[in-house]
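Participant: Provided herewith: target.pdb, PDB, C-alpha atoms.
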ATOM      1  CA  LYS Z   1      78.316  68.319 147.765
ATOM      2  CA  SER Z   2      77.048  71.296 145.801
ATOM      3  CA  LYS Z   3      79.787  73.567 147.223
ATOM      4  CA  GLU Z   4      82.434  71.071 146.100
ATOM      5  CA  TYR Z   5      80.836  70.965 142.640
ATOM      6  CA  GLU Z   6      80.805  74.779 142.466
ATOM      7  CA  ARG Z   7      84.455  74.946 143.540
ATOM      8  CA  LYS Z   8      85.483  72.443 140.864
ATOM      9  CA  MET Z   9      83.469  74.242 138.195
ATOM     10  CA  ARG Z  10      85.016  77.597 139.142
ATOM     11  CA  GLN Z  11      88.490  76.061 139.007
ATOM     12  CA  LYS Z  12      87.749  74.449 135.638
ATOM     13  CA  MET Z  13      86.406  77.740 134.297
ATOM     14  CA  ASP Z  14      89.582  79.485 135.463
ATOM     15  CA  ASP Z  15      91.926  76.823 134.054
ATOM     16  CA  ASP Z  16      90.131  76.263 130.740
ATOM     17  CA  TYR Z  17      89.038  79.809 129.997
ATOM     18  CA  GLU Z  18      90.487  81.220 126.797
ATOM     19  CA  PRO Z  19      89.565  84.578 125.330
ATOM     20  CA  PRO Z  20      88.361  84.613 121.707
ATOM     21  CA  VAL Z  21      91.125  83.717 119.248
ATOM     22  CA  GLN Z  22      90.978  87.146 117.618
ATOM     23  CA  ARG Z  23      92.281  88.759 120.801
ATOM     24  CA  LYS Z  24      94.369  85.888 122.132
ATOM     25  CA  HIS Z  25      96.800  85.686 119.199
ATOM     26  CA  ALA Z  26      98.073  89.238 119.669
ATOM     27  CA  VAL Z  27      99.644  88.300 122.985
ATOM     28  CA  THR Z  28     100.550  84.627 122.667
ATOM     29  CA  ARG Z  29     101.520  83.902 119.064
ATOM     30  CA  LYS Z  30     105.160  83.094 118.457
ATOM     31  CA  PRO Z  31     106.795  84.499 115.309
ATOM     32  CA  LYS Z  32     107.690  81.936 112.661
ATOM     33  CA  GLY Z  33     111.195  81.669 111.274
ATOM     34  CA  ASN Z  34     112.065  83.922 108.365
ATOM     35  CA  PRO Z  35     115.655  83.091 107.329
ATOM     36  CA  GLU Z  36     115.277  84.749 103.915
ATOM     37  CA  ARG Z  37     114.055  88.000 105.551
ATOM     38  CA  ILE Z  38     110.950  88.176 103.307
ATOM     39  CA  THR Z  39     108.570  91.004 104.240
ATOM     40  CA  ARG Z  40     105.845  90.434 101.630
ATOM     41  CA  LEU Z  41     103.026  87.993 102.425
ATOM     42  CA  PHE Z  42      99.954  86.603 100.699
ATOM     43  CA  LEU Z  43      96.737  86.228 102.707
ATOM     44  CA  LYS Z  44      93.708  84.327 101.448
ATOM     45  CA  ASN Z  45      90.322  83.025 102.566
ATOM     46  CA  MET Z  46      89.427  86.281 104.317
ATOM     47  CA  CYS Z  47      85.780  87.307 104.704
ATOM     48  CA  ALA Z  48      85.131  89.381 101.575
ATOM     49  CA  ARG Z  49      82.046  91.106 102.988
ATOM     50  CA  GLN Z  50      83.422  92.178 106.363
ATOM     51  CA  MET Z  51      87.217  92.461 106.119
ATOM     52  CA  ASP Z  52      88.637  95.952 105.853
ATOM     53  CA  GLU Z  53      91.940  97.627 106.639
ATOM     54  CA  ALA Z  54      91.093  98.404 110.266
ATOM     55  CA  LYS Z  55      89.959  94.835 111.020
ATOM     56  CA  LEU Z  56      92.992  93.320 109.297
ATOM     57  CA  LEU Z  57      95.427  95.575 111.157
ATOM     58  CA  GLU Z  58      93.693  94.824 114.463
ATOM     59  CA  PHE Z  59      93.952  91.088 113.821
ATOM     60  CA  LEU Z  60      97.632  91.286 112.842
ATOM     61  CA  HIS Z  61      98.581  93.557 115.752
ATOM     62  CA  PRO Z  62     101.284  93.918 117.113
ATOM     63  CA  ALA Z  63     102.906  93.275 113.713
ATOM     64  CA  ARG Z  64     103.361  96.441 111.684
ATOM     65  CA  VAL Z  65     102.004  96.522 108.123
ATOM     66  CA  THR Z  66     103.053  99.202 105.645
ATOM     67  CA  HIS Z  67     101.092  98.239 102.497
ATOM     68  CA  ILE Z  68      97.961  96.228 101.655
ATOM     69  CA  GLN Z  69      96.998  95.325  98.092
ATOM     70  CA  TRP Z  70      93.410  94.052  98.180
ATOM     71  CA  LEU Z  71      92.814  91.661  95.275
ATOM     72  CA  MET Z  72      89.661  92.439  93.324
ATOM     73  CA  ASP Z  73      87.569  90.313  90.985
ATOM     74  CA  LYS Z  74      88.236  91.520  87.424
ATOM     75  CA  SER Z  75      84.602  91.543  86.338
ATOM     76  CA  THR Z  76      82.785  92.727  89.491
ATOM     77  CA  LYS Z  77      85.631  94.888  90.884
ATOM     78  CA  LYS Z  78      84.790  93.561  94.367
ATOM     79  CA  PHE Z  79      87.263  92.298  96.950
ATOM     80  CA  TYR Z  80      87.259  88.504  96.899
ATOM     81  CA  GLY Z  81      89.102  87.641 100.101
ATOM     82  CA  SER Z  82      92.801  87.729  99.226
ATOM     83  CA  ALA Z  83      95.517  90.345  99.606
ATOM     84  CA  PHE Z  84      99.229  90.957  99.417
ATOM     85  CA  ILE Z  85     100.682  92.803 102.381
ATOM     86  CA  GLU Z  86     104.069  94.270 103.184
ATOM     87  CA  ALA Z  87     105.343  94.012 106.743
ATOM     88  CA  LYS Z  88     107.630  96.695 108.133
ATOM     89  CA  THR Z  89     110.338  94.190 109.152
ATOM     90  CA  ALA Z  90     111.151  90.521 108.630
ATOM     91  CA  GLU Z  91     110.265  89.926 112.294
ATOM     92  CA  ASP Z  92     106.822  91.481 111.716
ATOM     93  CA  ALA Z  93     106.404  89.170 108.717
ATOM     94  CA  GLY Z  94     107.229  86.165 110.914
ATOM     95  CA  SER Z  95     104.627  87.321 113.427
ATOM     96  CA  ILE Z  96     102.036  87.655 110.662
ATOM     97  CA  LEU Z  97     102.837  84.172 109.338
ATOM     98  CA  ALA Z  98     102.065  82.848 112.823
ATOM     99  CA  VAL Z  99      98.352  83.647 112.286
ATOM    100  CA  ASP Z 100      98.153  81.082 109.464
ATOM    101  CA  GLY Z 101      95.194  78.819 110.180
ATOM    102  CA  MET Z 102      93.535  81.092 112.753
ATOM    103  CA  THR Z 103      89.877  82.038 112.423
ATOM    104  CA  VAL Z 104      89.042  85.630 111.523
ATOM    105  CA  LEU Z 105      85.444  86.772 111.038
ATOM    106  CA  GLY Z 106      84.363  83.139 110.780
ATOM    107  CA  ARG Z 107      86.956  82.175 108.138
ATOM    108  CA  ARG Z 108      90.175  80.214 108.563
ATOM    109  CA  ILE Z 109      92.808  82.559 107.173
ATOM    110  CA  LYS Z 110      95.769  81.268 105.178
ATOM    111  CA  VAL Z 111      99.084  83.144 105.153
ATOM    112  CA  LYS Z 112     102.334  82.465 103.312
ATOM    113  CA  TYR Z 113     105.510  84.319 102.427
ATOM    114  CA  GLN Z 114     105.415  85.762  98.917
ATOM    115  CA  ARG Z 115     108.812  86.349  97.410
ATOM    116  CA  ALA Z 116     108.761  89.242  94.929
ATOM    117  CA  ASP Z 117     110.160  88.483  91.486
ATOM    118  CA  GLU Z 118     112.043  90.887  89.227
ATOM    119  CA  LYS Z 119     108.891  91.763  87.218
ATOM    120  CA  ASP Z 120     106.969  92.941  90.279
ATOM    121  CA  ASN Z 121     106.309  96.613  90.797
ATOM    122  CA  TRP Z 122     106.123  96.408  94.566
ATOM    123  CA  PRO Z 123     104.819  98.043  96.584
ATOM    124  CA  ILE Z 124     101.953  99.091  94.344
ATOM    125  CA  PRO Z 125     101.281 102.865  94.477
ATOM    126  CA  ASN Z 126      98.343 103.895  96.682
ATOM    127  CA  THR Z 127      98.464 100.733  98.827
ATOM    128  CA  GLU Z 128      99.954 102.347 101.941
ATOM    129  CA  VAL Z 129      98.054 101.680 105.139
ATOM    130  CA  SER Z 130      96.508 104.735 106.718
ATOM    131  CA  SER Z 131      97.840 104.025 110.245
ATOM    132  CA  SER Z 132     100.946 101.943 110.827
TER     133      SER Z 132
END
For the file at hand, write its structure as structure tokens.

Facilitator:
Amino acid sequence: KSKEYERKMRQKMDDDYEPPVQRKHAVTRKPKGNPERITRLFLKNMCARQMDEAKLLEFLHPARVTHIQWLMDKSTKKFYGSAFIEAKTAEDAGSILAVDGMTVLGRRIKVKYQRADEKDNWPIPNTEVSSS
């Protein structure tokens, strides 16, 4: 009986095993539709203490990001968990939108397309990513 139990447990482990979401999404996420070809996105609810450019780019991989504008609190000048990003292509933007609702560094990230308006100076100077 114990061998049968072990066999079933091994099979269940094989069938149910999923790698952590932070690695799984890079392979399995399906890009969302982007009929308006928007490449700018708004991300919020990121971990303000731990999130940095390298971690964000790793999470969004394989999508290519060209610019990140980290939003800072006006009084403390500290990052508060939101950013605007520019994707290299509309397809990359669709791939980034697909991470909406996934957990990153213990926080459920929210992503949406952000259409630029005529008053925007975008991309902001000095927001280029160091490795894209």

Participant: Which polymer residues have any atom within 9 Å of an atom of segment 63-73 of chain Z, counting all atoms listed in the file, with same-chain residues fewer than 4 positions away left out, as number ranges by chain?

Facilitator: Z: 26, 53, 57, 77-89, 91-96, 123-124, 126-132

Participant: Rank nothing, just name the residue among Z:Lys3, Z:Lys119, Z:Gly106, Z:Ala98 nearest to His61 of chain Z, using all atoms listed in the file.

Facilitator: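 Between Z:Lys3, Z:Lys119, Z:Gly106, Z:Ala98, the residue approaching His61 of chain Z most closely is Z:Ala98.
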
Participant: Between atom CA of Arg40 of chain Z and atom CA of Ala116 of chain Z, what distance in Å does the model show, to one decimal?

Facilitator: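 Calculated distance between atom CA of Arg40 of chain Z and atom CA of Ala116 of chain Z is 7.4 Å.
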
Participant: Could you name the residues that touch Leu105 of chain Z at 10 Å or less, counting only C-alpha atoms, but leaving out those on the same chain fewer than 3 positions away, as a ChimeraX atom specification?

Facilitator: /Z:22,46-51,55,59,108-109

Participant: What box, with edges along x, y and z, holds each listed atom of segment 117-121 of chain Z when 4 Å is added on every side, and can you state its centre and edge lengths in Å to one decimal, as AutoDock Vina command-line options?

Facilitator:
--center_x 109.2 --center_y 92.5 --center_z 89.4 --size_x 13.7 --size_y 16.1 --size_z 12.3

Participant: Could you work out how far atom CA of Asp120 of chain Z lies from atom CA of Leu60 of chain Z, giving the answer in Å with one decimal?

Facilitator: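 The value is 24.5 Å.
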
Participant: What separation in Å, quoted to one decimal, exists between atom CA of Lys32 of chain Z and atom CA of Leu97 of chain Z?

Facilitator: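 Distance between the two atoms: 6.3 Å.
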
Participant: Near Asp117 of chain Z, within 12 Å and counting only C-alpha atoms, which residues show up once chain neighbours fewer than 4 positions away are dropped, as a PDB file with C-alpha atoms, in the frame of the given file?

Facilitator:
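Written file, result.pdb:
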ATOM      1  CA  ILE Z  38     110.950  88.176 103.307  1.00  0.00           C
ATOM      2  CA  ARG Z  40     105.845  90.434 101.630  1.00  0.00           C
ATOM      3  CA  ASN Z 121     106.309  96.613  90.797  1.00  0.00           C
ATOM      4  CA  TRP Z 122     106.123  96.408  94.566  1.00  0.00           C
TER       5      TRP Z 122
END

Participant: So which one's closest to Asn34 of chain Z, Z:Arg7, Z:Arg107, Z:Lys74, Z:Lys112? Using all atoms listed in the file, please.

Facilitator: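 Closest residue, counting all atoms listed in the file: Z:Lys112.
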
Participant: Identify which of the residues Z:Gln114, Z:Ser75, Z:Ser2, Z:Asn45 lies closest to Met102 of chain Z, counting only C-alpha atoms when measuring atom-to-atom distances.

Facilitator: Z:Asn45
